[in-house]
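**Student:** Right, I'll just put the structure down here and ask away after.
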Amino acid sequence: MKNIKNSFFYVFIIGGFSALMYWIITTGKALETGRNIVAHTTVNGHWEDFITSMQHNLQHPLAILLAQIITIILVARFFGWICRKIGQPSVVGEIIAGIVLGPSLVGIYFPEFSGLLFPKESLGNLQFLSQIGLILFMFVIGMELDLKVLKNKAHEAVVISHASIIIPFALGVGLAYYIYQSFAPQGIEFISFGLFLGIAMSITAFPVLARIVQERGIHKTKLGSIAITCAAADDITAWCILAVVIAIVKAGSFVSALYIIGLAIVYVALMLKVVRPFLKRVGDLNATRESLNKPVVAIFFLTLLFSSYASELIGIHALFGAFMAGAIMPENSKFRNFFIEKVEDVSVIVLLPLFFVFTGLRTEIGLLNDPHLWKITGLIILVAVVGKFLGSALAAKFVGQSWKDSLSIGALMNTRGLMELVVLNIGYDLGVLSTEIFTMMVIMALVTTFMTGPALSFINYIFRPKNSTIPEAISNRSKYKILLSFATPERGKALLRIANSLVKKQSGNTSVTAMHLSLSSEIHSFDVKDYEKEIFLPVVSESENLNQKIDTLFKVSIDIDSDITDTANQGDYDLLLIGLGQSIFEGTLLGKVLGFTTRIINPDRLIDKFIGKEGLFENSPFDERTRQIIAHSKMPVGIFVDKELEEINRVFIPIFSSEDVFLIEFVQKLIHNNGSQITVLDATGHIKSNPEIKETIRSIEQIAPNHIMMMNERTIRKEFLEQQDLMIISLESWKKLVDSQSTWLHNTPSVLIIKP
């Protein structure tokens, strides 16, 4: 009755007011009398109006800006993905994306498209948005600095960092003396030109360096710790020097520059002595995520905006203010991580690529159309590398580092990346750098960032330990070694239960390693230790409950599937266990470009996908990551489909072909180590017809008569499957079940699919 009443009311409201609007519009036609109303009555006229309207919409500033953002994000993510695949930081790909979309490539070969997508009148909007992205990014960089590390290791870090600044700075000023007459813009004093070339040579990209250190797994070593500390000290020093250089350039005279520097000192003192204690007090009162309500968050964002505004007014650039605001945020790592999560997704994914493309639009490689100009470019790269690489390496050697670590520090400090582009754009905006020098310096930033990874690999190759026979390695070969790689703690606990059931009573002659890999783009340098502890805590706790000794391995990665297979192959493991999860976009080009990561899904839906019921993964039983691991692993791989596995008492193992007989080894291990009740299905009679396997089964029955049962039926009852804890099946047999769309797949327990 109530539904009928609501329906009548709905019809009355919608119908009544629609009729009222129709009457008003019809009556309102009379108001057009005496007005010059243009009306089109032909079909062609309406179509022309539509085309004109669409053209107007396409040329609207907002439509152009949105089209620019969409194009830039897609191209930047694509090139970033390519660079990650070849072991380079994604920032290299994003810089290349900017150059590709600029006049150096698209502008030359597709000038109409370039003019349509990036008309000159739209570049102002693009620049302002990119500057907002840079302000947010510098805020994040300030928060990522761990000032406690600087206090603890200040002496060595300051010596190396300041040497890595003053040496390339001096060489940059010397280079300016050589090229000033030919390349300095008209009206620019030598001191301005020289100081900007000097500071451009001195920059280190702290965020890129930190990610390289994490991805190479050296963040826990003395080398990684010193490199990150030096980069942090370098960042702070370089930005202070840049503020002074900007003040000198803007002031026009030394005395005016002193006034600006004086105001900057007052500003910094206020931020450290007044604003920082206030923010600490606010942070202490609102330390949990739940207590960080919108008014509290507004306080911190207003601090960012006021700091940026104040530094821009003083004349030392808004980016310095954003960096300063981030550096004085409360030191609580969870607090900072919360703000970084809020800011970084928008700044790094949406706004920062705009800056790369805006830089690319200013970079005109076509201007370097003379061999002499390329010689100057080569000279700039040489000065940058010699100053930063050798300066850092010699300073590190002086304070007592080994040659290997000294050269590694030099290679890492030579990384310039995004920070270099920030300095170059400031110089370009101030009119200090010409388009030719700007283009040369962008190429230098690209080359020095690109060379970091290969340089580190070459240094490691040169200083690799001499080959020698290691008795321990020989003895370890007799051990049964299991590596389990997990994405979530719950999946790690389930994989550990499987590993434990295979080796429980052989603890002295086995080893189990639990590994977790995290994408470098999803974790921050200051948060690594806390994240590692949090992700492994449930797994370590489960190992204690099982009385299973484990080793833990954590790594920050740019290519998870490759790192899993490399670790497994190089570690000489006997079995690799992985969990299975999928995303709708996983394994597709779109998924890789957009950066979708694996998520765990409902196992029953996973079965549906395997047999093509939902049509999402038809003819593709596994996601791309799993297929890559299967293809490149040299040892048996167990792919685990979890249906809330708690214990492994009842195990079902179907044998469909002669190739499946290797599964009998798992029968023996489960019975011996875990006392499991095993049901073996001889579906096609291969066990019965194979005397050797038949004898193995008989020997198992004699040793453990109550732990193994043979079945020959092809039809499996639903009730039987529901009683099992785990099904172990070979990869080839699983594929056959998928192809045949076997009905009993839906009733399976947790499944361990083995690739021999």
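Chain labels run A, B, ... following the order of the structure tokens; each chain numbers its residues from 1, and ligands are numbered from 1 in the order shown.
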Applying 7 Å and only C-alpha atoms, which residues near region 337-340 of chain A remain after dropping the ones on its own chain fewer than 4 positions away? List them as number ranges by chain.
**Tutor:** A: 140, 333, 344
**Student:** Give me the residues near region 448-465 of chain A as a list of chain:residue names, where near means some atom within 8 Å (using only C-alpha atoms) and where sequence neighbours in that chain fewer than 6 positions away do not count.
**Tutor:**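 Listed by chain and then number, they are A:Gly87, A:Gln88, A:Pro89, A:Val92, A:Ile212, A:Ile381, A:Val385, A:Lys404, A:Leu407, A:Ser408, A:Ala411, A:Leu412, A:Asn414, A:Thr415, A:Arg416, A:Gly417.
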**Student:** Could you save those same residues with N, CA and C atoms as an mmCIF file, in the first residue's frame?
**Tutor:**
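Generated output (out_37.cif):
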data_model
loop_
_atom_site.group_PDB
_atom_site.id
_atom_site.type_symbol
_atom_site.label_atom_id
_atom_site.label_comp_id
_atom_site.auth_asym_id
_atom_site.auth_seq_id
_atom_site.Cartn_x
_atom_site.Cartn_y
_atom_site.Cartn_z
ATOM 1 N N GLY A 87 64.853 -0.989 -16.058
ATOM 2 C CA GLY A 87 65.631 -0.753 -14.848
ATOM 3 C C GLY A 87 65.975 0.694 -14.589
ATOM 4 N N GLN A 88 65.258 1.632 -15.209
ATOM 5 C CA GLN A 88 65.506 3.055 -15.008
ATOM 6 C C GLN A 88 64.414 3.672 -14.140
ATOM 7 N N PRO A 89 64.721 4.753 -13.419
ATOM 8 C CA PRO A 89 63.674 5.446 -12.662
ATOM 9 C C PRO A 89 62.584 5.960 -13.598
ATOM 10 N N VAL A 92 62.861 9.324 -15.560
ATOM 11 C CA VAL A 92 63.545 9.408 -16.858
ATOM 12 C C VAL A 92 62.517 9.314 -17.982
ATOM 13 N N ILE A 212 66.299 4.679 -5.837
ATOM 14 C CA ILE A 212 67.328 3.790 -6.381
ATOM 15 C C ILE A 212 67.964 2.972 -5.253
ATOM 16 N N ILE A 381 77.808 18.109 -20.022
ATOM 17 C CA ILE A 381 77.629 16.796 -19.378
ATOM 18 C C ILE A 381 78.916 16.377 -18.670
ATOM 19 N N VAL A 385 79.323 15.670 -14.674
ATOM 20 C CA VAL A 385 79.706 14.348 -14.159
ATOM 21 C C VAL A 385 81.003 14.433 -13.357
ATOM 22 N N LYS A 404 85.017 1.272 -3.440
ATOM 23 C CA LYS A 404 83.729 0.838 -3.990
ATOM 24 C C LYS A 404 82.601 1.719 -3.486
ATOM 25 N N LEU A 407 82.916 5.414 -4.872
ATOM 26 C CA LEU A 407 82.454 5.560 -6.256
ATOM 27 C C LEU A 407 80.935 5.386 -6.357
ATOM 28 N N SER A 408 80.368 4.484 -5.532
ATOM 29 C CA SER A 408 78.911 4.298 -5.519
ATOM 30 C C SER A 408 78.213 5.558 -5.035
ATOM 31 N N ALA A 411 78.283 8.009 -7.856
ATOM 32 C CA ALA A 411 77.282 7.696 -8.890
ATOM 33 C C ALA A 411 75.886 8.099 -8.436
ATOM 34 N N LEU A 412 75.569 7.844 -7.170
ATOM 35 C CA LEU A 412 74.243 8.193 -6.652
ATOM 36 C C LEU A 412 74.052 9.706 -6.558
ATOM 37 N N ASN A 414 75.318 11.879 -8.364
ATOM 38 C CA ASN A 414 75.273 12.448 -9.715
ATOM 39 C C ASN A 414 73.873 12.404 -10.316
ATOM 40 N N THR A 415 72.910 11.793 -9.594
ATOM 41 C CA THR A 415 71.518 11.737 -10.062
ATOM 42 C C THR A 415 70.884 13.121 -9.941
ATOM 43 N N ARG A 416 70.296 13.618 -11.008
ATOM 44 C CA ARG A 416 69.727 14.971 -10.956
ATOM 45 C C ARG A 416 68.205 14.978 -11.108
ATOM 46 N N GLY A 417 67.694 14.306 -12.117
ATOM 47 C CA GLY A 417 66.253 14.121 -12.237
ATOM 48 C C GLY A 417 65.427 15.384 -12.194
#
**Student:** Which one is closest to Ser308 (chain A): A:Leu134, A:Ala67, A:Val751, A:Val442? Count only C-alpha atoms.
**Tutor:** A:Leu134
**Student:** Closest to Leu367 (chain A) among A:Met441, A:Ala163, A:Leu546, A:Pro103, using only C-alpha atoms?
**Tutor:**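 Using only C-alpha atoms, the shortest distance to Leu367 (chain A) belongs to A:Pro103.
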**Student:** Of the residues A:Lys555, A:Val539, A:Ile179, A:Thr221, which is the one nearest to Thr377 (chain A), using only C-alpha atoms?
**Tutor:** A:Ile179
**Student:** Ranking A:Asn674, A:Ser740, A:Asn36, A:Ser511 by minimum distance to Thr552 (chain A) and counting only C-alpha atoms, which one comes first?
**Tutor:**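 Comparing A:Asn674, A:Ser740, A:Asn36, A:Ser511 against Thr552 (chain A), the winner is A:Ser511.
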**Student:** Would you pick out the contacts of Ile426 (chain A) at 12 Å or less, using only C-alpha atoms, so that residues sharing its chain but fewer than 3 positions from it are not included, and give the list as an mmCIF file with N, CA and C atoms, in the first residue's frame?
**Tutor:**
data_model
loop_
_atom_site.group_PDB
_atom_site.id
_atom_site.type_symbol
_atom_site.label_atom_id
_atom_site.label_comp_id
_atom_site.auth_asym_id
_atom_site.auth_seq_id
_atom_site.Cartn_x
_atom_site.Cartn_y
_atom_site.Cartn_z
ATOM 1 N N GLN A 131 52.966 24.549 -11.697
ATOM 2 C CA GLN A 131 53.588 25.177 -10.529
ATOM 3 C C GLN A 131 52.907 24.741 -9.237
ATOM 4 N N LEU A 134 54.261 21.421 -8.516
ATOM 5 C CA LEU A 134 55.614 21.499 -7.957
ATOM 6 C C LEU A 134 55.592 21.921 -6.493
ATOM 7 N N PHE A 196 73.815 30.687 -11.693
ATOM 8 C CA PHE A 196 72.776 29.719 -12.054
ATOM 9 C C PHE A 196 73.373 28.462 -12.682
ATOM 10 N N LEU A 197 74.415 28.602 -13.500
ATOM 11 C CA LEU A 197 75.069 27.405 -14.025
ATOM 12 C C LEU A 197 75.720 26.617 -12.887
ATOM 13 N N ILE A 199 74.778 26.474 -9.618
ATOM 14 C CA ILE A 199 73.792 25.756 -8.796
ATOM 15 C C ILE A 199 73.155 24.627 -9.591
ATOM 16 N N ALA A 200 73.007 24.803 -10.920
ATOM 17 C CA ALA A 200 72.437 23.736 -11.750
ATOM 18 C C ALA A 200 73.351 22.517 -11.781
ATOM 19 N N LEU A 242 70.245 28.165 -3.602
ATOM 20 C CA LEU A 242 69.385 28.603 -4.702
ATOM 21 C C LEU A 242 68.571 29.824 -4.306
ATOM 22 N N ALA A 243 68.084 29.845 -3.068
ATOM 23 C CA ALA A 243 67.328 31.010 -2.590
ATOM 24 C C ALA A 243 68.192 32.266 -2.631
ATOM 25 N N VAL A 245 70.850 32.717 -4.606
ATOM 26 C CA VAL A 245 71.102 33.033 -6.021
ATOM 27 C C VAL A 245 69.905 33.750 -6.631
ATOM 28 N N ILE A 246 68.690 33.267 -6.349
ATOM 29 C CA ILE A 246 67.483 33.923 -6.865
ATOM 30 C C ILE A 246 67.390 35.351 -6.335
ATOM 31 N N VAL A 249 69.839 37.502 -8.288
ATOM 32 C CA VAL A 249 69.385 37.740 -9.665
ATOM 33 C C VAL A 249 68.225 38.726 -9.694
ATOM 34 N N LYS A 250 67.267 38.562 -8.796
ATOM 35 C CA LYS A 250 66.084 39.431 -8.789
ATOM 36 C C LYS A 250 66.404 40.840 -8.307
ATOM 37 N N ILE A 316 62.464 34.684 -2.982
ATOM 38 C CA ILE A 316 63.302 33.473 -3.021
ATOM 39 C C ILE A 316 62.533 32.278 -3.582
ATOM 40 N N HIS A 317 61.407 32.518 -4.205
ATOM 41 C CA HIS A 317 60.573 31.555 -4.919
ATOM 42 C C HIS A 317 59.682 30.746 -3.977
ATOM 43 N N ALA A 318 58.453 30.524 -4.462
ATOM 44 C CA ALA A 318 57.441 29.807 -3.680
ATOM 45 C C ALA A 318 57.852 28.368 -3.383
ATOM 46 N N LEU A 319 58.659 27.767 -4.264
ATOM 47 C CA LEU A 319 59.052 26.379 -4.055
ATOM 48 C C LEU A 319 59.914 26.216 -2.807
ATOM 49 N N PHE A 320 60.726 27.223 -2.497
ATOM 50 C CA PHE A 320 61.524 27.153 -1.263
ATOM 51 C C PHE A 320 60.599 27.166 -0.048
ATOM 52 N N THR A 359 58.143 21.636 -19.402
ATOM 53 C CA THR A 359 59.590 21.711 -19.629
ATOM 54 C C THR A 359 59.928 21.241 -21.040
ATOM 55 N N MET A 419 64.687 17.503 -9.777
ATOM 56 C CA MET A 419 65.172 18.690 -9.068
ATOM 57 C C MET A 419 65.970 19.592 -10.008
ATOM 58 N N GLU A 420 66.715 18.983 -10.905
ATOM 59 C CA GLU A 420 67.468 19.769 -11.885
ATOM 60 C C GLU A 420 66.516 20.556 -12.786
ATOM 61 N N LEU A 421 65.434 19.918 -13.218
ATOM 62 C CA LEU A 421 64.468 20.604 -14.082
ATOM 63 C C LEU A 421 63.816 21.775 -13.363
ATOM 64 N N VAL A 422 63.588 21.637 -12.062
ATOM 65 C CA VAL A 422 63.014 22.737 -11.283
ATOM 66 C C VAL A 422 63.942 23.944 -11.330
ATOM 67 N N VAL A 423 65.231 23.725 -11.070
ATOM 68 C CA VAL A 423 66.217 24.816 -11.084
ATOM 69 C C VAL A 423 66.297 25.434 -12.478
ATOM 70 N N ASP A 429 62.639 31.122 -16.402
ATOM 71 C CA ASP A 429 61.611 32.128 -16.095
ATOM 72 C C ASP A 429 62.223 33.476 -15.738
ATOM 73 N N LEU A 430 63.390 33.440 -15.087
ATOM 74 C CA LEU A 430 64.064 34.691 -14.712
ATOM 75 C C LEU A 430 64.829 35.302 -15.888
ATOM 76 N N GLY A 431 64.879 34.592 -17.010
ATOM 77 C CA GLY A 431 65.567 35.104 -18.190
ATOM 78 C C GLY A 431 67.065 34.915 -18.161
ATOM 79 N N VAL A 432 67.564 34.116 -17.206
ATOM 80 C CA VAL A 432 69.006 33.911 -17.067
ATOM 81 C C VAL A 432 69.515 32.893 -18.078
ATOM 82 N N LEU A 433 68.693 31.901 -18.400
ATOM 83 C CA LEU A 433 69.099 30.843 -19.320
ATOM 84 C C LEU A 433 68.390 31.011 -20.662
ATOM 85 N N SER A 434 69.150 30.952 -21.733
ATOM 86 C CA SER A 434 68.567 31.006 -23.077
ATOM 87 C C SER A 434 67.964 29.650 -23.421
ATOM 88 N N PHE A 438 69.156 26.088 -21.984
ATOM 89 C CA PHE A 438 68.110 25.341 -21.281
ATOM 90 C C PHE A 438 67.988 23.929 -21.869
#
